[in-house]
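Undergrad: So here's protein-v6.tsv, just TSV, C-alpha atoms:
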```
chain	number	residue	atom	x	y	z
A	1	MET	CA	-58.37	6.46	-5.31
A	2	ARG	CA	-57.14	3.50	-7.33
A	3	ASN	CA	-55.58	5.82	-9.95
A	4	ASN	CA	-53.84	7.81	-7.22
A	5	ARG	CA	-52.31	4.62	-5.85
A	6	LEU	CA	-51.20	3.65	-9.35
A	7	PHE	CA	-49.57	7.05	-9.92
A	8	THR	CA	-47.85	6.82	-6.54
A	9	LEU	CA	-46.50	3.36	-7.37
A	10	LEU	CA	-45.23	4.54	-10.76
A	11	ALA	CA	-43.55	7.55	-9.14
A	12	LEU	CA	-41.79	5.32	-6.59
A	13	LEU	CA	-40.61	2.98	-9.35
A	14	LEU	CA	-39.24	5.91	-11.36
A	15	MET	CA	-37.45	7.26	-8.28
A	16	ALA	CA	-35.96	3.83	-7.54
A	17	GLY	CA	-34.84	3.52	-11.16
A	18	GLY	CA	-33.22	6.94	-10.97
A	19	LEU	CA	-31.38	6.00	-7.80
A	20	MET	CA	-30.19	2.72	-9.32
A	21	GLN	CA	-28.97	4.55	-12.41
A	22	ALA	CA	-27.19	7.16	-10.29
A	23	GLN	CA	-25.50	4.45	-8.21
A	24	GLY	CA	-24.58	2.50	-11.31
A	25	THR	CA	-22.86	5.48	-12.93
A	26	LYS	CA	-21.12	6.81	-9.80
A	27	GLU	CA	-17.40	7.15	-10.47
A	28	TYR	CA	-15.16	4.57	-8.83
A	29	TYR	CA	-11.73	5.70	-7.63
A	30	PRO	CA	-9.13	2.92	-7.87
A	31	LEU	CA	-6.64	2.49	-5.06
A	32	ILE	CA	-3.86	1.34	-7.40
A	33	PRO	CA	-4.06	3.36	-10.64
A	34	GLU	CA	-2.03	2.45	-13.70
A	35	SER	CA	-0.17	5.77	-13.54
A	36	GLY	CA	0.15	8.90	-11.43
A	37	GLU	CA	1.81	9.72	-8.11
A	38	ARG	CA	0.22	8.66	-4.81
A	39	GLN	CA	1.44	9.50	-1.30
A	40	TRP	CA	0.17	8.61	2.19
A	41	ASP	CA	1.50	10.54	5.24
A	42	MET	CA	1.06	8.51	8.42
A	43	ARG	CA	1.94	8.41	12.11
A	44	PHE	CA	2.57	5.17	14.00
A	45	VAL	CA	2.29	5.32	17.81
A	46	PHE	CA	3.86	2.47	19.77
A	47	TYR	CA	2.24	1.05	22.89
A	48	TYR	CA	5.15	2.31	24.99
A	49	GLY	CA	4.51	5.91	23.87
A	50	ASP	CA	7.05	6.67	21.12
A	51	SER	CA	5.89	7.52	17.62
A	52	GLN	CA	7.32	7.72	14.13
A	53	TYR	CA	6.24	9.39	10.90
A	54	GLU	CA	5.94	7.37	7.72
A	55	ILE	CA	5.49	8.35	4.09
A	56	ALA	CA	4.27	5.64	1.70
A	57	ARG	CA	4.52	6.12	-2.06
A	58	LEU	CA	3.55	4.15	-5.15
A	59	GLY	CA	6.44	3.52	-7.49
A	60	ASP	CA	6.73	2.51	-11.12
A	61	GLU	CA	5.12	-0.50	-12.73
A	62	ILE	CA	6.86	-3.86	-12.32
A	63	GLU	CA	6.11	-6.99	-14.32
A	64	PHE	CA	6.19	-10.11	-12.16
A	65	GLU	CA	4.93	-13.60	-13.02
A	66	GLY	CA	2.74	-12.34	-15.85
A	67	GLN	CA	1.06	-9.56	-13.83
A	68	THR	CA	1.67	-5.80	-13.74
A	69	TYR	CA	2.17	-4.37	-10.25
A	70	ARG	CA	3.16	-1.06	-8.71
A	71	GLU	CA	5.67	-1.09	-5.89
A	72	LEU	CA	4.80	0.49	-2.54
A	73	THR	CA	7.74	1.83	-0.49
A	74	VAL	CA	7.72	3.42	2.97
A	75	LEU	CA	10.07	6.12	4.27
A	76	TYR	CA	10.52	6.16	8.05
A	77	ASP	CA	11.55	9.48	9.56
A	78	GLU	CA	13.81	7.94	12.21
A	79	LEU	CA	15.56	5.49	9.89
A	80	ASN	CA	18.00	6.23	7.13
A	81	TYR	CA	16.59	3.99	4.44
A	82	THR	CA	13.36	3.49	2.53
A	83	VAL	CA	11.74	0.10	3.06
A	84	PRO	CA	10.01	-1.66	0.14
A	85	PHE	CA	6.62	-2.92	1.39
A	86	GLY	CA	5.32	-4.96	-1.52
A	87	LEU	CA	3.82	-5.16	-5.00
A	88	LEU	CA	0.20	-4.05	-5.51
A	89	ARG	CA	-2.24	-4.36	-8.38
A	90	GLU	CA	-5.98	-3.80	-8.74
A	91	GLU	CA	-8.48	-5.75	-10.81
A	92	GLY	CA	-12.27	-5.74	-10.58
A	93	LYS	CA	-12.21	-3.43	-7.51
A	94	LYS	CA	-10.00	-5.93	-5.67
A	95	VAL	CA	-6.48	-4.95	-4.60
A	96	TYR	CA	-3.91	-7.74	-4.60
A	97	LEU	CA	-0.68	-7.61	-2.59
A	98	ARG	CA	2.56	-9.53	-2.78
A	99	ARG	CA	4.45	-8.61	0.38
A	100	TYR	CA	8.20	-8.29	0.60
A	101	SER	CA	9.58	-10.38	3.42
A	102	THR	CA	12.64	-8.63	4.87
A	103	ALA	CA	13.63	-11.24	7.44
A	104	ILE	CA	14.47	-13.65	4.62
A	105	PRO	CA	14.08	-11.39	1.59
A	106	HIS	CA	11.62	-12.79	-0.92
A	107	ILE	CA	8.28	-11.96	-2.55
A	108	MET	CA	5.37	-13.69	-0.84
A	109	GLU	CA	2.28	-15.24	-2.41
A	110	GLU	CA	-0.44	-12.91	-3.66
A	111	GLU	CA	-3.28	-12.07	-1.24
A	112	VAL	CA	-6.45	-9.97	-1.50
A	113	TYR	CA	-5.56	-6.87	0.52
A	114	TYR	CA	-8.67	-4.74	-0.16
A	115	ASP	CA	-12.04	-5.59	-1.71
A	116	PHE	CA	-14.27	-2.67	-2.70
A	117	ASN	CA	-16.99	-5.04	-3.96
A	118	LEU	CA	-18.07	-5.77	-0.37
A	119	GLN	CA	-21.71	-5.24	0.59
A	120	VAL	CA	-23.08	-4.46	4.05
A	121	GLY	CA	-22.98	-7.63	6.15
A	122	ASP	CA	-20.12	-9.24	4.21
A	123	LEU	CA	-17.10	-10.64	6.04
A	124	PHE	CA	-13.56	-9.87	4.94
A	125	GLU	CA	-10.68	-12.19	5.80
A	126	MET	CA	-7.63	-10.35	7.11
A	127	GLY	CA	-5.22	-13.30	6.96
A	128	TYR	CA	-3.32	-13.14	10.26
A	129	GLY	CA	-2.01	-16.14	12.17
A	130	ASP	CA	-2.92	-19.77	11.70
A	131	GLU	CA	-6.66	-19.15	12.08
A	132	PRO	CA	-8.56	-16.75	9.75
A	133	GLU	CA	-9.36	-13.30	11.16
A	134	TYR	CA	-12.52	-11.61	9.87
A	135	ILE	CA	-14.03	-8.16	10.08
A	136	GLN	CA	-17.61	-7.38	9.00
A	137	LEU	CA	-18.74	-4.48	6.83
A	138	MET	CA	-21.39	-2.55	8.75
A	139	ALA	CA	-22.08	0.47	6.50
A	140	ILE	CA	-21.23	2.10	3.18
A	141	GLU	CA	-21.47	5.89	3.26
A	142	GLU	CA	-20.56	8.72	0.91
A	143	VAL	CA	-17.91	11.23	1.92
A	144	VAL	CA	-16.85	14.50	0.25
A	145	LEU	CA	-13.06	14.92	0.21
A	146	GLU	CA	-10.75	17.93	0.08
A	147	ASP	CA	-10.60	17.86	-3.73
A	148	GLY	CA	-14.42	17.85	-4.01
A	149	SER	CA	-14.65	14.22	-5.05
A	150	VAL	CA	-17.48	12.08	-3.62
A	151	ARG	CA	-16.31	8.60	-2.70
A	152	ASN	CA	-17.63	5.57	-0.85
A	153	LYS	CA	-16.54	5.03	2.75
A	154	TYR	CA	-16.60	1.47	4.12
A	155	VAL	CA	-17.12	1.15	7.90
A	156	PHE	CA	-16.36	-2.17	9.59
A	157	ASN	CA	-17.38	-3.57	12.97
A	158	GLU	CA	-14.01	-3.26	14.65
A	159	GLY	CA	-10.56	-1.75	14.31
A	160	TRP	CA	-7.25	-1.40	16.11
A	161	LEU	CA	-9.06	0.64	18.79
A	162	MET	CA	-12.46	-0.58	19.94
A	163	GLU	CA	-13.93	2.94	19.75
A	164	GLU	CA	-12.52	3.52	16.25
A	165	PRO	CA	-13.65	0.95	13.67
A	166	GLU	CA	-11.66	0.07	10.56
A	167	VAL	CA	-12.57	2.48	7.76
A	168	TRP	CA	-11.68	2.32	4.06
A	169	ILE	CA	-12.20	5.06	1.46
A	170	GLU	CA	-12.15	4.40	-2.28
A	171	GLY	CA	-8.83	5.41	-3.77
A	172	ILE	CA	-7.25	5.93	-0.33
A	173	GLY	CA	-7.47	2.61	1.46
A	174	SER	CA	-7.52	2.27	5.23
A	175	LEU	CA	-7.59	5.39	7.40
A	176	SER	CA	-4.82	3.71	9.35
A	177	GLY	CA	-2.68	3.99	6.21
A	178	ILE	CA	-2.53	1.90	3.06
A	179	ASP	CA	0.05	-0.48	4.58
A	180	TRP	CA	-1.47	-0.45	8.07
A	181	ARG	CA	-4.83	-1.97	7.17
A	182	TYR	CA	-6.58	-3.52	10.23
A	183	ILE	CA	-4.34	-5.67	12.43
A	184	PRO	CA	-5.90	-7.61	15.34
A	185	GLY	CA	-4.86	-6.50	18.81
A	186	TRP	CA	-2.81	-9.63	19.53
A	187	ALA	CA	-0.65	-8.99	16.43
A	188	ALA	CA	-0.19	-5.21	16.78
A	189	SER	CA	2.59	-3.29	18.55
A	190	GLY	CA	0.83	0.08	18.37
A	191	PHE	CA	-1.65	2.12	16.35
A	192	ALA	CA	-1.38	3.78	12.94
A	193	TYR	CA	-3.18	6.91	11.71
A	194	LEU	CA	-3.39	8.37	8.22
A	195	GLN	CA	-2.66	12.10	8.37
A	196	CYS	CA	-2.79	13.16	4.72
A	197	TYR	CA	-3.23	11.66	1.28
A	198	PHE	CA	-2.04	13.19	-2.01
A	199	GLU	CA	-2.76	12.43	-5.66
A	200	ASP	CA	-0.21	13.98	-8.03
A	201	ASP	CA	0.80	16.45	-5.26
A	202	ASN	CA	-2.84	17.50	-4.72
A	203	LEU	CA	-4.20	17.14	-1.18
A	204	VAL	CA	-7.23	14.82	-1.33
A	205	TRP	CA	-7.78	13.89	2.33
A	206	THR	CA	-6.44	15.19	5.65
A	207	ASP	CA	-6.94	14.54	9.34
A	208	GLY	CA	-4.06	16.46	10.81
A	209	GLU	CA	-0.60	17.76	10.01
A	210	CYS	CA	1.01	16.57	6.80
A	211	TRP	CA	4.59	15.39	6.94
A	212	ASP	CA	6.02	16.96	3.79
A	213	ASP	CA	8.56	18.69	6.01
A	214	VAL	CA	10.00	15.36	7.21
A	215	GLU	CA	13.66	15.42	6.21
A	216	GLU	CA	14.33	12.69	3.71
A	217	THR	CA	17.38	10.82	4.82
A	218	ALA	CA	20.61	10.08	3.04
A	219	ALA	CA	19.20	6.89	1.60
A	220	GLU	CA	16.82	8.97	-0.49
A	221	GLN	CA	19.90	10.16	-2.36
A	222	VAL	CA	20.95	6.59	-3.19
A	223	SER	CA	20.83	5.63	-6.85
A	224	VAL	CA	20.58	2.03	-8.04
A	225	TYR	CA	21.16	1.94	-11.80
A	226	PRO	CA	20.58	0.79	-14.43
A	227	ASN	CA	17.40	-0.88	-13.26
A	228	PRO	CA	16.36	-3.10	-15.06
A	229	ALA	CA	19.83	-4.36	-16.00
A	230	MET	CA	21.39	-7.14	-18.04
A	231	GLU	CA	25.00	-7.13	-16.80
A	232	ASN	CA	26.05	-4.67	-14.07
A	233	VAL	CA	24.14	-2.71	-11.43
A	234	PHE	CA	25.78	0.23	-9.63
A	235	ILE	CA	24.90	1.66	-6.21
A	236	LYS	CA	25.74	5.34	-5.86
A	237	GLY	CA	25.44	7.65	-2.87
A	238	ILE	CA	26.63	5.49	0.04
A	239	GLU	CA	29.76	3.78	1.26
A	240	LEU	CA	28.89	0.13	1.52
A	241	ALA	CA	30.51	-2.84	3.18
A	242	GLU	CA	28.48	-5.68	1.71
A	243	VAL	CA	25.65	-6.36	-0.73
A	244	GLN	CA	23.53	-9.50	-0.56
A	245	VAL	CA	21.28	-10.44	-3.47
A	246	TYR	CA	18.21	-12.67	-2.90
A	247	ASN	CA	15.90	-14.23	-5.47
A	248	ALA	CA	12.09	-14.22	-5.27
A	249	LEU	CA	12.18	-17.38	-3.12
A	250	GLY	CA	14.34	-15.70	-0.51
A	251	GLN	CA	17.48	-17.61	-1.45
A	252	LEU	CA	20.83	-15.83	-1.22
A	253	VAL	CA	22.26	-15.97	-4.74
A	254	LYS	CA	25.13	-13.49	-4.63
A	255	THR	CA	27.31	-11.59	-2.13
A	256	VAL	CA	29.51	-8.63	-3.02
A	257	GLN	CA	31.89	-7.07	-0.50
A	258	GLY	CA	33.50	-3.64	-0.63
A	259	SER	CA	32.24	-2.75	-4.10
A	260	ASN	CA	29.40	-0.59	-5.43
A	261	GLU	CA	29.14	-2.75	-8.56
A	262	ILE	CA	27.04	-5.92	-8.79
A	263	ASN	CA	27.48	-8.21	-11.78
A	264	VAL	CA	24.10	-9.85	-12.45
A	265	SER	CA	24.87	-11.28	-15.88
A	266	GLY	CA	24.91	-14.84	-14.54
A	267	LEU	CA	21.52	-14.61	-12.81
A	268	PRO	CA	18.24	-15.74	-14.40
A	269	ALA	CA	15.80	-13.01	-15.43
A	270	GLY	CA	13.51	-11.87	-12.61
A	271	ILE	CA	13.11	-9.59	-9.60
A	272	TYR	CA	15.76	-9.67	-6.86
A	273	SER	CA	16.03	-8.13	-3.40
A	274	ILE	CA	19.26	-6.41	-2.45
A	275	ARG	CA	20.28	-5.97	1.18
A	276	VAL	CA	23.05	-3.40	1.47
A	277	THR	CA	25.06	-3.10	4.68
A	278	MET	CA	26.71	0.32	4.90
A	279	ASN	CA	30.05	1.05	6.51
A	280	ASP	CA	28.27	2.72	9.44
A	281	GLY	CA	26.24	-0.44	10.08
A	282	ASN	CA	22.96	0.85	8.67
A	283	LEU	CA	20.94	-1.04	6.06
A	284	PHE	CA	19.48	-0.11	2.69
A	285	LEU	CA	16.91	-2.36	1.02
A	286	ASP	CA	15.81	-2.23	-2.61
A	287	LYS	CA	14.71	-4.28	-5.60
A	288	ILE	CA	16.46	-4.82	-8.92
A	289	ILE	CA	15.17	-6.39	-12.11
A	290	LYS	CA	17.43	-8.66	-14.17
A	291	LEU	CA	16.50	-8.75	-17.85
```
Would you write out, as structure tokens, the structure that this file holds?
TA:
Amino acid sequence: MRNNRLFTLLALLLMAGGLMQAQGTKEYYPLIPESGERQWDMRFVFYYGDSQYEIARLGDEIEFEGQTYRELTVLYDELNYTVPFGLLREEGKKVYLRRYSTAIPHIMEEEVYYDFNLQVGDLFEMGYGDEPEYIQLMAIEEVVLEDGSVRNKYVFNEGWLMEEPEVWIEGIGSLSGIDWRYIPGWAASGFAYLQCYFEDDNLVWTDGECWDDVEETAAEQVSVYPNPAMENVFIKGIELAEVQVYNALGQLVKTVQGSNEINVSGLPAGIYSIRVTMNDGNLFLDKIIKL
């Protein structure tokens, strides 16, 4: 009897060791890879009933204050310009964000936007308002995606809708959309839903109709070049009335009227926001890098 108990104990230890080894070697899927195309198709439904489609994409690498980021931009189907959302980087399974402020264009301080190191029971600070907002991780589950990959799913205690908790998936982010991570009810104007997610044009996750057929507006044909630049930047594809250039602190450093050419030779090296007012009154927002 004693030997049987010993064998049983050894077997359980071996099984536990095997499980620990399997968990330790399970592939992790980064949300912000160093290269490759990423696209999130989303729908945002306003409280008053209207909705809009959004397509978020990761752009090229950008060096800023000694760190390497990738820019996230969002195309809105009902607007005629693409909005830059912010700069993202990932290190140690944590995703860091520097938001773009469009009210007074500047790059905000870095914040932890996702943390895939969380364990069940941990709290995650969302960073809204004057007082900290927290959500609690309730479960980590495995999910098989459209491409056959097996990834961890993180389920929290609450979300935008009480019956639908906040959910993250490795490599995808929030199921509300990468840029629509949980927002408390008092700060939200509606609800966001991720419809599809693509990696290098391959469908990885879907929960509805994808929006590849959304007509990309005229602003998608706009070219801002050369970028980076040392002397002159040209804006091609629109008739513009005015261009305002803001530095990373949100300070207006240059205004150009009636010309598609911006001379940046006198500006210090860095990243600048440009706010372009078109002749029809619409806006186009973008970033330029001065070498």
Undergrad: Near range 133-140 of chain A, within 9 Å and counting all atoms listed in the file, which residues show up once chain neighbours fewer than 5 positions away are dropped, as a list of chain:residue names?
TA: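 Counting only the stated atoms, we get A:Leu118, A:Gln119, A:Val120, A:Gly121, A:Asp122, A:Leu123, A:Phe124, A:Glu125, A:Met126, A:Gly127, A:Tyr128, A:Asn152, A:Lys153, A:Tyr154, A:Val155, A:Phe156, A:Asn157, A:Glu158, A:Gly159, A:Glu166, A:Tyr182, A:Pro184.
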Undergrad: Env of Tyr193 in chain A: 7 Å cut, atoms = all atoms listed in the file, seq-sep filter 5 positions within chain, self excluded. Answer as a list in words.
TA: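 Result of the neighbour search: Met42, Arg43, Phe44, Leu175, Ser176 and Gly177 of chain A.
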Undergrad: Box for range 115-134 of chain A - axis-aligned, 4 Å on each of the six sides, all listed atoms - centre and size in Å to one decimal, as lines of an AutoDock Vina configuration file.
TA:
```
center_x = -12.5
center_y = -11.2
center_z = 4.1
size_x = 29.1
size_y = 25.1
size_z = 24.1
```
Undergrad: Do you know which residues lie at most 12 Å from (1.6, -5.1, -15.1), with coordinates as in the file and all atoms listed in the file counted, and could you write them as a ChimeraX atom specification?
TA: /A:32-35,60-71,87-91
Undergrad: Residues as selected, C-alpha atoms, written as an mmCIF file, in the coordinates of the input, can you do that?
TA:
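Below is the file that was written, selection_25.cif:
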```cif
data_model
loop_
_atom_site.group_PDB
_atom_site.id
_atom_site.type_symbol
_atom_site.label_atom_id
_atom_site.label_comp_id
_atom_site.auth_asym_id
_atom_site.auth_seq_id
_atom_site.Cartn_x
_atom_site.Cartn_y
_atom_site.Cartn_z
ATOM 1 C CA ILE A 32 -3.860 1.340 -7.400
ATOM 2 C CA PRO A 33 -4.060 3.360 -10.640
ATOM 3 C CA GLU A 34 -2.030 2.450 -13.700
ATOM 4 C CA SER A 35 -0.170 5.770 -13.540
ATOM 5 C CA ASP A 60 6.730 2.510 -11.120
ATOM 6 C CA GLU A 61 5.120 -0.500 -12.730
ATOM 7 C CA ILE A 62 6.860 -3.860 -12.320
ATOM 8 C CA GLU A 63 6.110 -6.990 -14.320
ATOM 9 C CA PHE A 64 6.190 -10.110 -12.160
ATOM 10 C CA GLU A 65 4.930 -13.600 -13.020
ATOM 11 C CA GLY A 66 2.740 -12.340 -15.850
ATOM 12 C CA GLN A 67 1.060 -9.560 -13.830
ATOM 13 C CA THR A 68 1.670 -5.800 -13.740
ATOM 14 C CA TYR A 69 2.170 -4.370 -10.250
ATOM 15 C CA ARG A 70 3.160 -1.060 -8.710
ATOM 16 C CA GLU A 71 5.670 -1.090 -5.890
ATOM 17 C CA LEU A 87 3.820 -5.160 -5.000
ATOM 18 C CA LEU A 88 0.200 -4.050 -5.510
ATOM 19 C CA ARG A 89 -2.240 -4.360 -8.380
ATOM 20 C CA GLU A 90 -5.980 -3.800 -8.740
ATOM 21 C CA GLU A 91 -8.480 -5.750 -10.810
#
```
Undergrad: Would you list the residues near (11.1, -9.3, -4.7) (no more than 10 Å away, in the coordinates of the file, using all atoms listed in the file) as a PyMOL selection string?
TA: chain A and resi 64+71+84-87+98-102+105-108+246-250+270-274+286-289
